[in-house]
>>> print(open('protein-v3.cif').read())   # mmCIF, C-alpha atoms
data_query
loop_
_atom_site.label_atom_id
_atom_site.label_comp_id
_atom_site.auth_asym_id
_atom_site.auth_seq_id
_atom_site.Cartn_x
_atom_site.Cartn_y
_atom_site.Cartn_z
CA MET A 1 127.28 103.69 33.29
CA THR A 2 128.92 100.81 35.15
CA ILE A 3 127.46 99.42 38.37
CA PHE A 4 129.40 97.23 40.80
CA ALA A 5 127.10 94.96 42.82
CA SER A 6 127.32 91.89 45.02
CA SER A 7 125.96 88.75 43.39
CA PHE A 8 124.70 87.57 46.79
CA GLN A 9 121.11 88.70 47.32
CA HIS A 10 120.37 90.28 50.68
CA HIS A 11 116.68 89.35 50.87
CA THR A 12 116.87 85.76 49.61
CA HIS A 13 120.32 85.02 51.11
CA LYS A 14 121.27 83.21 47.91
CA GLU A 15 124.00 83.48 45.28
CA ALA A 16 122.11 84.85 42.28
CA LYS A 17 124.54 85.49 39.41
CA LEU A 18 127.83 83.59 39.59
CA SER A 19 128.54 79.93 38.95
CA THR A 20 130.80 77.94 41.26
CA GLY A 21 134.42 79.10 41.09
CA THR A 22 133.61 82.40 39.35
CA LYS A 23 134.70 85.46 41.31
CA TRP A 24 133.10 88.11 39.11
CA LYS A 25 131.54 88.73 35.71
CA THR A 26 130.16 91.59 33.63
CA GLU A 27 126.67 91.72 32.18
CA GLU A 28 125.03 94.34 29.98
CA VAL A 29 121.42 95.25 30.81
CA ASN A 30 119.74 98.00 28.75
CA GLY A 31 123.07 99.60 27.93
CA VAL A 32 124.31 99.53 31.55
CA GLN A 33 127.35 97.44 32.44
CA LEU A 34 126.77 95.44 35.62
CA VAL A 35 129.79 93.97 37.39
CA TRP A 36 128.72 91.12 39.65
CA ILE A 37 131.14 90.41 42.50
CA ARG A 38 131.15 87.28 44.63
CA THR A 39 130.90 88.02 48.35
CA PRO A 40 130.58 85.64 51.33
CA ARG A 41 127.19 84.34 52.37
CA TYR A 42 125.34 85.34 55.53
CA GLN A 43 121.91 84.67 57.01
CA SER A 44 121.44 87.43 59.59
CA ASN A 45 122.93 90.68 60.88
CA ASN A 46 126.00 89.11 62.49
CA TRP A 47 129.76 89.08 61.92
CA ARG A 48 129.29 87.20 58.63
CA ARG A 49 127.45 90.18 57.16
CA VAL A 50 130.34 92.43 58.20
CA VAL A 51 132.70 90.07 56.37
CA ASN A 52 130.43 90.34 53.32
CA MET A 53 130.71 94.14 53.44
CA VAL A 54 134.49 94.10 53.77
CA SER A 55 134.76 91.61 50.92
CA TYR A 56 132.66 93.85 48.66
CA MET A 57 134.79 96.88 49.51
CA VAL A 58 138.06 95.11 48.72
CA SER A 59 136.84 93.37 45.55
CA SER A 60 135.13 96.43 44.06
CA TRP A 61 138.28 98.49 44.75
CA ARG A 62 140.52 95.95 43.03
CA LEU A 63 138.24 95.52 40.02
CA GLY A 64 137.45 99.20 39.71
CA ARG A 65 141.11 100.13 39.29
CA HIS A 66 141.89 97.93 36.31
CA LEU A 67 138.60 96.76 34.77
CA PRO A 68 138.70 99.41 31.97
CA GLU A 69 142.07 97.98 30.91
CA PHE A 70 140.80 94.51 29.99
CA GLU A 71 137.02 95.02 29.48
CA SER A 72 136.58 97.24 26.40
CA GLN A 73 132.93 97.96 27.18
CA VAL A 74 133.86 99.51 30.55
CA ARG A 75 135.23 103.05 30.29
CA ARG A 76 137.38 104.91 32.75
CA PRO A 77 134.99 106.88 34.97
CA ASP A 78 134.19 110.58 34.80
CA THR A 79 132.40 110.32 38.14
CA VAL A 80 132.42 107.68 40.87
CA ILE A 81 129.25 107.37 42.99
CA GLY A 82 129.30 105.57 46.33
CA SER A 83 125.89 104.52 47.68
CA SER A 84 125.41 103.75 51.37
CA PRO A 85 123.54 100.56 52.00
CA HIS A 86 126.76 100.35 54.02
CA LEU A 87 129.63 102.80 54.45
CA LEU A 88 132.33 100.41 53.23
CA ALA A 89 130.83 100.58 49.73
CA VAL A 90 131.32 104.34 49.87
CA VAL A 91 134.91 103.88 51.03
CA SER A 92 135.62 101.85 47.91
CA ALA A 93 134.04 104.58 45.74
CA TRP A 94 136.13 107.30 47.42
CA ARG A 95 139.35 105.34 46.83
CA LEU A 96 138.44 104.67 43.19
CA ALA A 97 137.64 108.35 42.61
CA ARG A 98 141.08 109.27 43.95
CA TYR A 99 142.75 106.54 41.89
CA HIS A 100 141.08 107.73 38.67
CA LYS A 101 141.47 111.41 39.69
CA THR A 102 137.80 112.14 39.18
CA GLN A 103 134.67 113.43 40.89
CA PHE A 104 133.35 111.61 44.00
CA ILE A 105 129.61 111.65 44.74
CA MET A 106 128.21 110.14 47.95
CA GLU A 107 124.62 108.90 47.88
CA VAL A 108 123.13 108.63 51.36
CA ARG A 109 120.46 105.94 51.55
CA ASP A 110 120.87 105.05 55.22
CA LEU A 111 122.44 107.18 57.94
CA TRP A 112 125.39 105.40 59.52
CA PRO A 113 125.59 104.85 62.42
CA GLU A 114 122.38 106.72 63.29
CA THR A 115 120.10 104.04 61.83
CA LEU A 116 121.82 101.30 63.85
CA ILE A 117 121.47 103.37 67.02
CA ASP A 118 117.77 104.05 66.39
CA MET A 119 117.17 100.36 65.71
CA GLY A 120 118.85 99.43 68.99
CA TYR A 121 121.79 97.60 67.42
CA LEU A 122 124.44 100.06 68.67
CA ALA A 123 124.89 102.12 71.81
CA SER A 124 125.34 105.82 71.10
CA ARG A 125 128.68 105.94 72.96
CA SER A 126 130.23 102.63 71.95
CA PRO A 127 133.68 102.45 70.28
CA VAL A 128 132.09 101.03 67.11
CA THR A 129 129.71 103.99 66.99
CA TRP A 130 132.60 106.41 67.39
CA LEU A 131 134.51 104.75 64.53
CA LEU A 132 131.48 104.78 62.23
CA ARG A 133 130.78 108.43 62.97
CA ALA A 134 134.40 109.32 62.24
CA LEU A 135 134.26 107.41 58.93
CA GLU A 136 130.90 108.94 58.04
CA SER A 137 132.16 112.49 58.68
CA PHE A 138 135.32 111.82 56.67
CA LEU A 139 133.30 110.63 53.67
CA TYR A 140 130.94 113.61 53.89
CA ARG A 141 133.91 115.98 53.86
CA SER A 142 135.62 114.10 51.02
CA ALA A 143 132.59 114.06 48.72
CA ASP A 144 132.33 116.67 45.98
CA TYR A 145 128.56 116.36 46.29
CA ILE A 146 126.16 114.51 48.61
CA ILE A 147 122.83 113.17 47.41
CA THR A 148 120.29 111.94 49.96
CA VAL A 149 117.03 110.08 49.38
CA LEU A 150 115.56 111.30 52.71
CA PRO A 151 113.92 114.75 52.61
CA ARG A 152 115.33 115.95 55.93
CA ALA A 153 118.61 114.06 56.09
CA HIS A 154 120.34 117.34 55.27
CA GLU A 155 119.67 118.38 58.87
CA TYR A 156 121.71 115.44 60.14
CA ILE A 157 124.46 115.88 57.56
CA GLU A 158 124.77 119.58 58.27
CA SER A 159 125.08 118.76 61.97
CA ARG A 160 128.29 116.91 61.03
CA GLY A 161 129.73 120.23 59.84
CA ILE A 162 128.89 119.89 56.13
CA ASP A 163 127.92 122.90 54.00
CA SER A 164 124.29 122.74 52.83
CA ASP A 165 125.34 123.89 49.33
CA LYS A 166 126.79 120.48 48.51
CA ILE A 167 123.72 118.47 49.62
CA ALA A 168 120.78 117.59 47.35
CA TRP A 169 117.59 115.62 48.00
CA ILE A 170 116.63 113.16 45.26
CA PRO A 171 114.10 110.53 46.45
CA ASN A 172 113.63 107.02 45.14
CA GLY A 173 111.74 107.20 41.85
CA VAL A 174 109.55 105.03 39.70
CA ASP A 175 109.29 104.22 35.99
CA LEU A 176 105.74 105.39 35.32
CA SER A 177 105.69 103.87 31.84
CA ARG A 178 105.37 100.42 33.43
CA TYR A 179 102.07 101.27 35.12
CA ALA A 180 98.67 101.29 33.47
CA LYS A 181 96.05 103.98 34.08
CA PRO A 182 94.66 103.72 37.65
CA ARG A 183 91.31 102.04 38.14
CA ALA A 184 89.34 100.68 41.08
CA THR A 185 88.85 96.95 40.66
CA ALA A 186 86.50 95.63 43.33
CA SER A 187 82.77 95.31 42.87
CA PRO A 188 80.07 95.25 45.59
CA GLY A 189 80.22 92.00 47.52
CA ALA A 190 83.68 91.06 46.26
CA VAL A 191 86.60 90.27 48.53
CA PHE A 192 88.59 93.46 49.21
CA THR A 193 92.34 92.90 48.69
CA VAL A 194 94.87 94.89 50.71
CA MET A 195 98.43 94.34 49.48
CA TYR A 196 101.90 94.86 50.89
CA VAL A 197 104.88 94.50 48.54
CA GLY A 198 108.38 94.79 49.95
CA ALA A 199 110.89 93.63 52.52
CA HIS A 200 109.80 91.62 55.55
CA GLY A 201 112.21 93.21 58.02
CA GLU A 202 112.22 94.44 61.57
CA ALA A 203 111.46 98.06 60.64
CA ASN A 204 108.53 97.20 58.37
CA GLY A 205 105.92 96.70 61.09
CA LEU A 206 104.34 93.63 59.55
CA GLY A 207 103.60 92.11 62.96
CA THR A 208 101.23 95.03 63.52
CA LEU A 209 99.65 94.37 60.11
CA LEU A 210 98.96 90.73 61.00
CA ASN A 211 97.40 91.72 64.32
CA ALA A 212 95.22 94.18 62.41
CA ALA A 213 94.27 91.41 59.99
CA LYS A 214 93.14 89.36 62.99
CA ALA A 215 91.00 92.27 64.21
CA VAL A 216 89.45 92.66 60.75
CA GLN A 217 88.78 88.91 60.56
CA ASP A 218 87.07 88.94 63.95
CA ARG A 219 84.87 91.90 62.95
CA GLU A 220 84.24 91.26 59.25
CA GLY A 221 85.01 87.61 58.59
CA ILE A 222 87.05 86.98 55.45
CA THR A 223 85.51 89.69 53.27
CA THR A 224 88.92 91.40 53.30
CA ARG A 225 92.09 89.63 52.19
CA PHE A 226 95.63 90.69 53.09
CA VAL A 227 98.36 89.75 50.61
CA LEU A 228 102.04 90.08 51.60
CA VAL A 229 104.57 89.79 48.76
CA GLY A 230 108.28 89.67 49.52
CA ASP A 231 110.89 88.16 51.75
CA GLY A 232 113.20 89.09 54.59
CA PRO A 233 114.59 88.01 57.96
CA GLU A 234 111.23 88.42 59.74
CA LYS A 235 109.21 86.28 57.34
CA PRO A 236 109.58 82.97 59.25
CA SER A 237 108.33 84.59 62.47
CA LEU A 238 105.50 86.28 60.56
CA LEU A 239 104.38 82.92 59.16
CA LYS A 240 104.34 81.52 62.70
CA GLN A 241 102.39 84.53 63.92
CA ALA A 242 99.78 84.07 61.19
CA ALA A 243 99.40 80.40 62.14
CA ARG A 244 99.17 81.25 65.84
CA LEU A 245 96.42 83.80 65.16
CA SER A 246 94.56 81.33 62.89
CA LEU A 247 94.43 83.90 60.13
CA ARG A 248 92.28 82.84 57.19
CA ASN A 249 92.43 86.21 55.47
CA VAL A 250 96.20 86.47 54.95
CA ALA A 251 98.33 85.07 52.11
CA PHE A 252 102.13 85.18 51.79
CA TYR A 253 103.86 85.17 48.41
CA PRO A 254 107.56 85.11 47.44
CA PRO A 255 109.30 88.25 46.15
CA VAL A 256 108.97 89.19 42.49
CA PRO A 257 111.39 91.05 40.20
CA ARG A 258 110.84 94.80 40.26
CA ILE A 259 109.69 94.75 36.64
CA GLU A 260 106.76 92.52 37.68
CA VAL A 261 105.62 94.72 40.58
CA PRO A 262 103.13 96.72 38.42
CA LYS A 263 101.36 93.51 37.40
CA VAL A 264 101.19 92.31 41.00
CA LEU A 265 99.84 95.63 42.29
CA ALA A 266 97.20 95.72 39.56
CA SER A 267 95.32 92.96 41.41
CA ALA A 268 95.06 94.97 44.64
CA ASP A 269 92.16 97.15 45.75
CA ALA A 270 94.35 99.02 48.23
CA THR A 271 97.93 99.00 49.42
CA VAL A 272 99.38 99.29 52.89
CA LEU A 273 102.58 100.77 54.28
CA VAL A 274 103.28 99.99 57.94
CA LEU A 275 106.24 101.33 59.89
CA ASN A 276 107.32 100.75 63.45
CA ASP A 277 107.46 103.81 65.66
CA LEU A 278 111.21 104.48 65.38
CA PRO A 279 113.23 107.70 65.76
CA LEU A 280 114.97 107.13 62.42
CA TYR A 281 111.88 108.36 60.54
CA ARG A 282 112.40 111.89 61.91
CA TYR A 283 114.43 112.51 58.75
CA GLY A 284 111.57 111.34 56.54
CA ILE A 285 110.95 108.35 54.30
CA SER A 286 111.75 107.51 50.70
CA LEU A 287 110.61 103.96 50.10
CA ASN A 288 110.50 102.15 46.78
CA LYS A 289 107.24 100.51 47.72
CA LEU A 290 105.61 103.89 48.34
CA SER A 291 106.49 105.27 44.90
CA ASP A 292 105.27 101.98 43.39
CA TYR A 293 101.96 102.24 45.27
CA LEU A 294 101.47 105.81 44.08
CA ALA A 295 102.32 104.94 40.47
CA ALA A 296 99.90 102.00 40.53
CA GLY A 297 97.09 104.39 41.42
CA LYS A 298 95.92 102.39 44.41
CA PRO A 299 94.58 103.93 47.64
CA ILE A 300 97.19 103.70 50.39
CA ILE A 301 96.80 103.06 54.10
CA PHE A 302 99.83 104.52 55.85
CA ALA A 303 100.48 103.48 59.44
CA GLY A 304 103.49 105.47 60.51
CA ASN A 305 104.96 108.65 61.89
CA SER A 306 107.57 110.29 59.69
CA ALA A 307 108.79 113.79 58.91
CA ASN A 308 107.04 113.63 55.54
CA ASN A 309 103.76 111.97 54.65
CA PRO A 310 103.20 111.70 50.87
CA VAL A 311 99.89 109.89 51.43
CA ALA A 312 98.45 112.88 53.30
CA GLU A 313 100.06 115.37 50.91
CA ALA A 314 98.56 113.60 47.88
CA ARG A 315 95.21 112.90 49.59
CA CYS A 316 95.42 109.38 48.21
CA GLY A 317 94.50 107.29 51.25
CA LEU A 318 94.27 107.12 55.02
CA THR A 319 96.89 107.71 57.70
CA VAL A 320 96.86 106.15 61.18
CA PRO A 321 99.39 106.18 64.04
CA PRO A 322 102.18 103.56 64.05
CA GLU A 323 101.75 100.32 66.00
CA ASP A 324 98.04 101.03 66.61
CA VAL A 325 96.33 97.76 65.69
CA GLY A 326 92.81 99.04 66.27
CA ALA A 327 93.27 102.17 64.19
CA LEU A 328 94.83 100.20 61.33
CA ALA A 329 92.00 97.65 61.33
CA THR A 330 89.40 100.43 61.38
CA ALA A 331 91.12 102.16 58.44
CA VAL A 332 91.11 98.94 56.40
CA ILE A 333 87.41 98.40 57.04
CA ALA A 334 86.60 102.04 56.28
CA LEU A 335 88.46 101.91 52.98
CA SER A 336 86.78 98.64 52.01
CA ARG A 337 83.42 100.37 52.47
CA THR A 338 84.45 103.47 50.51
CA PRO A 339 82.59 103.75 47.16
CA LEU A 340 84.53 102.65 44.09
CA GLU A 341 84.49 106.09 42.51
CA GLU A 342 85.97 107.71 45.62
CA ARG A 343 88.73 105.07 45.74
CA ARG A 344 89.40 105.65 42.06
CA MET A 345 89.86 109.36 42.70
CA MET A 346 92.26 108.57 45.56
CA GLY A 347 94.29 106.44 43.20
CA GLU A 348 94.35 109.14 40.53
CA ARG A 349 95.57 111.73 43.03
CA GLY A 350 98.34 109.35 44.08
CA ARG A 351 99.35 108.80 40.47
CA GLU A 352 99.45 112.55 39.84
CA TYR A 353 101.63 112.99 42.92
CA ALA A 354 104.03 110.34 41.61
CA GLU A 355 104.18 112.11 38.23
CA GLN A 356 105.04 115.40 39.95
CA HIS A 357 107.58 114.11 42.48
CA TYR A 358 108.84 110.60 41.67
CA ALA A 359 108.98 110.31 37.88
CA MET A 360 112.36 108.95 36.82
CA SER A 361 112.72 111.54 34.07
CA LEU A 362 112.43 114.42 36.56
CA LEU A 363 114.79 112.83 39.07
CA ALA A 364 117.31 111.96 36.35
CA GLU A 365 117.43 115.60 35.27
CA LYS A 366 118.05 116.71 38.85
CA PHE A 367 120.70 114.03 39.28
CA ALA A 368 122.43 115.09 36.08
CA GLN A 369 122.70 118.63 37.41
CA CYS A 370 124.38 117.33 40.57
CA ILE A 371 127.04 115.40 38.66
CA ASP A 372 127.69 118.06 36.05
CA ILE A 373 131.06 117.40 34.45
CA ASP A 374 133.22 119.97 32.67
#
>>> encode(input="protein-v3.cif", output="structure tokens")
Amino acid sequence: MTIFASSFQHHTHKEAKLSTGTKWKTEEVNGVQLVWIRTPRYQSNNWRRVVNMVSYMVSSWRLGRHLPEFESQVRRPDTVIGSSPHLLAVVSAWRLARYHKTQFIMEVRDLWPETLIDMGYLASRSPVTWLLRALESFLYRSADYIITVLPRAHEYIESRGIDSDKIAWIPNGVDLSRYAKPRATASPGAVFTVMYVGAHGEANGLGTLLNAAKAVQDREGITTRFVLVGDGPEKPSLLKQAARLSLRNVAFYPPVPRIEVPKVLASADATVLVLNDLPLYRYGISLNKLSDYLAAGKPIIFAGNSANNPVAEARCGLTVPPEDVGALATAVIALSRTPLEERRMMGERGREYAEQHYAMSLLAEKFAQCIDID
């Protein structure tokens, strides 16, 4: 396995892997070859980010053609997989698959341009939208197999004229071995900790969470504490919002490596997942933070409206409508007053759901079937 990745981190907006003057390097991590590629810096969703995407496409294409010739640990590929944080990454994968005369798999993480339209960044009839739709349809047709992390994305993909037989749903998974057995941690009279771990972006609804924290503070004082771990473009405005609301029950922490997420979640009494009310969730959700919450065995408060609702399916927490501050605050208070044993059982049901649906071993087996090679 060889993975090509940008060395510029999206959430921190910092160069993470390459020293000055180095354009790329390889690194082995647990038997996987990582190829770090330098791409231009950006701070927001503007033309500089587009340049970053184009740079990644060009550099990964150039390196992917000849890297096996001068890096002995990198083999010529049997399969090339293009993942879609952006479509230009998939374009590079398609070209490399043709160059190496091998199988091309497209992994759909975000729907382009549908996500941009739903977020209000693109008009549905703009020239850019037309070009992205044409590129998207071309890549769907060119792929030998399409893997999507969203449970109902197949509906959208099929609407582009793609046969359902070459589409598979494989959600984001979790390494369950990193998580200890679930247990409820709070004791009567202790501060109840509600934790969010993940990106601080526009779609994450954290402004609603802070307003709910204010409502809880006004009703309950500081007996409940909200902890937000992560980073993203909305974090500066969220810090200002917390100051403006005079929140004494909210703490912000920097992002942590994924391997440390289990340790961070172990200190929580409950977790929270808040989504804005956006059309893009009509195809469902598959969020890393959700599978982490389930694996950690913590009760979950889900404020959102999506085609699937693992929290309700697993009976591992409470669900409230999106962008409803009062309902979210009431759910937090209700969960804080729920007996420890009942919260423990919620957590256990969530862990069982993760074992049945998100375990890496199960998803890896399904993935292996999709990329079966003669």
>>> atom_distance(input="protein-v3.cif", atom1="CA of Ser19 in chain A", atom2="CA of Ser59 in chain A")
17.1 Å
>>> residues_around(input="protein-v3.cif", residues="Val108 in chain A", least_positions_apart="5", cutoff="12 Å", atoms="all atoms listed in the file", output="PyMOL selection string")
chain A and resi 81-87+89-90+113+115+136+139-140+143+145-154+156-157+167-172+286
>>> resolve_selection(input="protein-v3.cif", expression="the PyMOL selection byres ((chain A and resi 356) around 12)", output="PyMOL selection string")
chain A and resi 173-174+176+291+294-295+310+314+349-355+357-363
>>> write_last_selection(input="protein-v3.cif", atoms="C-alpha atoms", output="PDB file, keeping the file's coordinate frame")
ATOM      1  CA  GLY A 173     111.740 107.200  41.850  1.00  0.00           C
ATOM      2  CA  VAL A 174     109.550 105.030  39.700  1.00  0.00           C
ATOM      3  CA  LEU A 176     105.740 105.390  35.320  1.00  0.00           C
ATOM      4  CA  SER A 291     106.490 105.270  44.900  1.00  0.00           C
ATOM      5  CA  LEU A 294     101.470 105.810  44.080  1.00  0.00           C
ATOM      6  CA  ALA A 295     102.320 104.940  40.470  1.00  0.00           C
ATOM      7  CA  PRO A 310     103.200 111.700  50.870  1.00  0.00           C
ATOM      8  CA  ALA A 314      98.560 113.600  47.880  1.00  0.00           C
ATOM      9  CA  ARG A 349      95.570 111.730  43.030  1.00  0.00           C
ATOM     10  CA  GLY A 350      98.340 109.350  44.080  1.00  0.00           C
ATOM     11  CA  ARG A 351      99.350 108.800  40.470  1.00  0.00           C
ATOM     12  CA  GLU A 352      99.450 112.550  39.840  1.00  0.00           C
ATOM     13  CA  TYR A 353     101.630 112.990  42.920  1.00  0.00           C
ATOM     14  CA  ALA A 354     104.030 110.340  41.610  1.00  0.00           C
ATOM     15  CA  GLU A 355     104.180 112.110  38.230  1.00  0.00           C
ATOM     16  CA  HIS A 357     107.580 114.110  42.480  1.00  0.00           C
ATOM     17  CA  TYR A 358     108.840 110.600  41.670  1.00  0.00           C
ATOM     18  CA  ALA A 359     108.980 110.310  37.880  1.00  0.00           C
ATOM     19  CA  MET A 360     112.360 108.950  36.820  1.00  0.00           C
ATOM     20  CA  SER A 361     112.720 111.540  34.070  1.00  0.00           C
ATOM     21  CA  LEU A 362     112.430 114.420  36.560  1.00  0.00           C
ATOM     22  CA  LEU A 363     114.790 112.830  39.070  1.00  0.00           C
TER      23      LEU A 363
END
>>> closest_atom_pairs(input="protein-v3.cif", of="range 163-258 of chain A", to="range 322-334 of chain A", cutoff="12 Å", atoms="all atoms listed in the file", output="tab-separated table")
residue	atom	partner	partner_atom	distance
A:Val191	CA	A:Ile333	CA	11.8
A:Phe192	CA	A:Ile333	CA	9.3
A:Thr193	CA	A:Val332	CA	9.9
A:Val194	CA	A:Val332	CA	7.9
A:Met195	CA	A:Val332	CA	11.1
A:Ala203	CA	A:Pro322	CA	11.3
A:Asn204	CA	A:Pro322	CA	10.6
A:Gly205	CA	A:Glu323	CA	7.4
A:Leu206	CA	A:Glu323	CA	9.6
A:Gly207	CA	A:Glu323	CA	8.9
A:Thr208	CA	A:Glu323	CA	5.9
A:Leu209	CA	A:Val325	CA	7.3
A:Leu210	CA	A:Val325	CA	8.9
A:Asn211	CA	A:Val325	CA	6.3
A:Ala212	CA	A:Ala329	CA	4.9
A:Ala213	CA	A:Ala329	CA	6.8
A:Lys214	CA	A:Ala329	CA	8.5
A:Ala215	CA	A:Ala329	CA	6.2
A:Val216	CA	A:Ala329	CA	5.6
A:Gln217	CA	A:Ala329	CA	9.3
A:Asp218	CA	A:Ala329	CA	10.3
A:Arg219	CA	A:Ile333	CA	9.1
A:Glu220	CA	A:Ile333	CA	8.1
A:Gly221	CA	A:Ile333	CA	11.2
A:Ile222	CA	A:Ile333	CA	11.5
A:Thr223	CA	A:Ile333	CA	9.7
A:Thr224	CA	A:Ile333	CA	8.1
A:Arg225	CA	A:Val332	CA	10.3
A:Phe226	CA	A:Val332	CA	10.0
>>> write_last_selection(input="protein-v3.cif", atoms="C-alpha atoms", output="PDB file, keeping the file's coordinate frame")
ATOM      1  CA  VAL A 191      86.600  90.270  48.530  1.00  0.00           C
ATOM      2  CA  PHE A 192      88.590  93.460  49.210  1.00  0.00           C
ATOM      3  CA  THR A 193      92.340  92.900  48.690  1.00  0.00           C
ATOM      4  CA  VAL A 194      94.870  94.890  50.710  1.00  0.00           C
ATOM      5  CA  MET A 195      98.430  94.340  49.480  1.00  0.00           C
ATOM      6  CA  ALA A 203     111.460  98.060  60.640  1.00  0.00           C
ATOM      7  CA  ASN A 204     108.530  97.200  58.370  1.00  0.00           C
ATOM      8  CA  GLY A 205     105.920  96.700  61.090  1.00  0.00           C
ATOM      9  CA  LEU A 206     104.340  93.630  59.550  1.00  0.00           C
ATOM     10  CA  GLY A 207     103.600  92.110  62.960  1.00  0.00           C
ATOM     11  CA  THR A 208     101.230  95.030  63.520  1.00  0.00           C
ATOM     12  CA  LEU A 209      99.650  94.370  60.110  1.00  0.00           C
ATOM     13  CA  LEU A 210      98.960  90.730  61.000  1.00  0.00           C
ATOM     14  CA  ASN A 211      97.400  91.720  64.320  1.00  0.00           C
ATOM     15  CA  ALA A 212      95.220  94.180  62.410  1.00  0.00           C
ATOM     16  CA  ALA A 213      94.270  91.410  59.990  1.00  0.00           C
ATOM     17  CA  LYS A 214      93.140  89.360  62.990  1.00  0.00           C
ATOM     18  CA  ALA A 215      91.000  92.270  64.210  1.00  0.00           C
ATOM     19  CA  VAL A 216      89.450  92.660  60.750  1.00  0.00           C
ATOM     20  CA  GLN A 217      88.780  88.910  60.560  1.00  0.00           C
ATOM     21  CA  ASP A 218      87.070  88.940  63.950  1.00  0.00           C
ATOM     22  CA  ARG A 219      84.870  91.900  62.950  1.00  0.00           C
ATOM     23  CA  GLU A 220      84.240  91.260  59.250  1.00  0.00           C
ATOM     24  CA  GLY A 221      85.010  87.610  58.590  1.00  0.00           C
ATOM     25  CA  ILE A 222      87.050  86.980  55.450  1.00  0.00           C
ATOM     26  CA  THR A 223      85.510  89.690  53.270  1.00  0.00           C
ATOM     27  CA  THR A 224      88.920  91.400  53.300  1.00  0.00           C
ATOM     28  CA  ARG A 225      92.090  89.630  52.190  1.00  0.00           C
ATOM     29  CA  PHE A 226      95.630  90.690  53.090  1.00  0.00           C
TER      30      PHE A 226
END
>>> residues_around(input="protein-v3.cif", residues="Asn308 in chain A", least_positions_apart="4", cutoff="9 Å", atoms="all atoms listed in the file", output="ChimeraX atom specification")
/A:151-152,281-285,312-313
>>> resolve_selection(input="protein-v3.cif", expression="the PyMOL selection byres ((chain A and resi 268-273) around 7)", output="list of chain:residue names")
A:Ala184, A:Thr185, A:Ala186, A:Phe192, A:Thr193, A:Val194, A:Met195, A:Tyr196, A:Leu265, A:Ala266, A:Ser267, A:Val274, A:Leu275, A:Tyr293, A:Lys298, A:Pro299, A:Ile300, A:Ile301, A:Phe302, A:Ala303
>>> closest_residue(input="protein-v3.cif", among="A:Gly120, A:Gly31, A:Gly297, A:Pro77", to="Cys316 in chain A", atoms="all atoms listed in the file")
A:Gly297
>>> atom_distance(input="protein-v3.cif", atom1="CA of Lys181 in chain A", atom2="CA of Ile259 in chain A")
16.7 Å
>>> residues_around(input="protein-v3.cif", residues="Lys23 in chain A", least_positions_apart="2", cutoff="10 Å", atoms="all atoms listed in the file", output="JSON, numbers by chain")
{"A": [7, 18, 19, 20, 21, 25, 36, 37, 38, 39, 59]}
>>> atom_distance(input="protein-v3.cif", atom1="CA of Glu341 in chain A", atom2="CA of Pro182 in chain A")
11.5 Å
>>> closest_atom_pairs(input="protein-v3.cif", of="range 18-98 of chain A", to="range 102-105 of chain A", cutoff="7 Å", atoms="all atoms listed in the file", output="CSV")
residue,atom,partner,partner_atom,distance
A:Asp78,CA,A:Thr102,CA,5.9
A:Thr79,CA,A:Gln103,CA,4.7
A:Val80,CA,A:Phe104,CA,5.1
A:Ile81,CA,A:Ile105,CA,4.6
A:Gly82,CA,A:Ile105,CA,6.3
A:Trp94,CA,A:Phe104,CA,6.2
A:Ala97,CA,A:Thr102,CA,5.1
A:Arg98,CA,A:Thr102,CA,6.5
>>> closest_residue(input="protein-v3.cif", among="A:Ala5, A:Leu88, A:His200, A:Arg95", to="Val50 in chain A", atoms="all atoms listed in the file")
A:Leu88
>>> closest_atom_pairs(input="protein-v3.cif", of="range 219-321 of chain A", to="range 11-14 of chain A", cutoff="12 Å", atoms="all atoms listed in the file", output="CSV")
residue,atom,partner,partner_atom,distance
A:Gly230,CA,A:His11,CA,8.5
A:Asp231,CA,A:His11,CA,6.0
A:Gly232,CA,A:His11,CA,5.1
A:Pro233,CA,A:His11,CA,7.5
A:Glu234,CA,A:His11,CA,10.5
A:Lys235,CA,A:His11,CA,10.3
A:Pro254,CA,A:Thr12,CA,9.6
A:Pro255,CA,A:Thr12,CA,8.7
A:Val256,CA,A:Thr12,CA,11.2
>>> closest_residue(input="protein-v3.cif", among="A:Gly201, A:Pro262, A:Gly161, A:Pro127", to="Asp175 in chain A", atoms="all atoms listed in the file")
A:Pro262
>>> closest_residue(input="protein-v3.cif", among="A:Glu71, A:Glu202, A:Asp118, A:Glu107", to="Ser237 in chain A", atoms="only C-alpha atoms")
A:Glu202
>>> closest_residue(input="protein-v3.cif", among="A:Leu111, A:Ala296, A:Ser55, A:Glu158", to="Ser177 in chain A", atoms="all atoms listed in the file")
A:Ala296
>>> closest_residue(input="protein-v3.cif", among="A:Val320, A:Val227, A:Val197, A:Leu239", to="Leu287 in chain A", atoms="only C-alpha atoms")
A:Val197
>>> residues_around(input="protein-v3.cif", residues="Ser44 in chain A", least_positions_apart="2", cutoff="10 Å", atoms="only C-alpha atoms", output="list in words")
His10, His13, Arg41, Tyr42, Asn46, Trp47, Arg48, Arg49, Gly232 and Pro233 of chain A
>>> decode(input="protein-v3.cif", residues="range 194-204 of chain A", atoms="C-alpha atoms", output="short mmCIF file (atom, residue, chain, number, x, y, z; two decimals), in the first residue's frame")
data_model
loop_
_atom_site.label_atom_id
_atom_site.label_comp_id
_atom_site.auth_asym_id
_atom_site.auth_seq_id
_atom_site.Cartn_x
_atom_site.Cartn_y
_atom_site.Cartn_z
CA VAL A 194 -19.97 16.88 27.35
CA MET A 195 -17.28 16.57 24.68
CA TYR A 196 -17.00 17.38 21.00
CA VAL A 197 -13.95 16.13 19.08
CA GLY A 198 -13.52 17.10 15.45
CA ALA A 199 -13.37 19.87 12.89
CA HIS A 200 -14.57 23.37 13.72
CA GLY A 201 -16.11 24.12 10.33
CA GLU A 202 -19.18 25.78 8.93
CA ALA A 203 -21.16 22.53 8.62
CA ASN A 204 -20.43 21.38 12.18
#
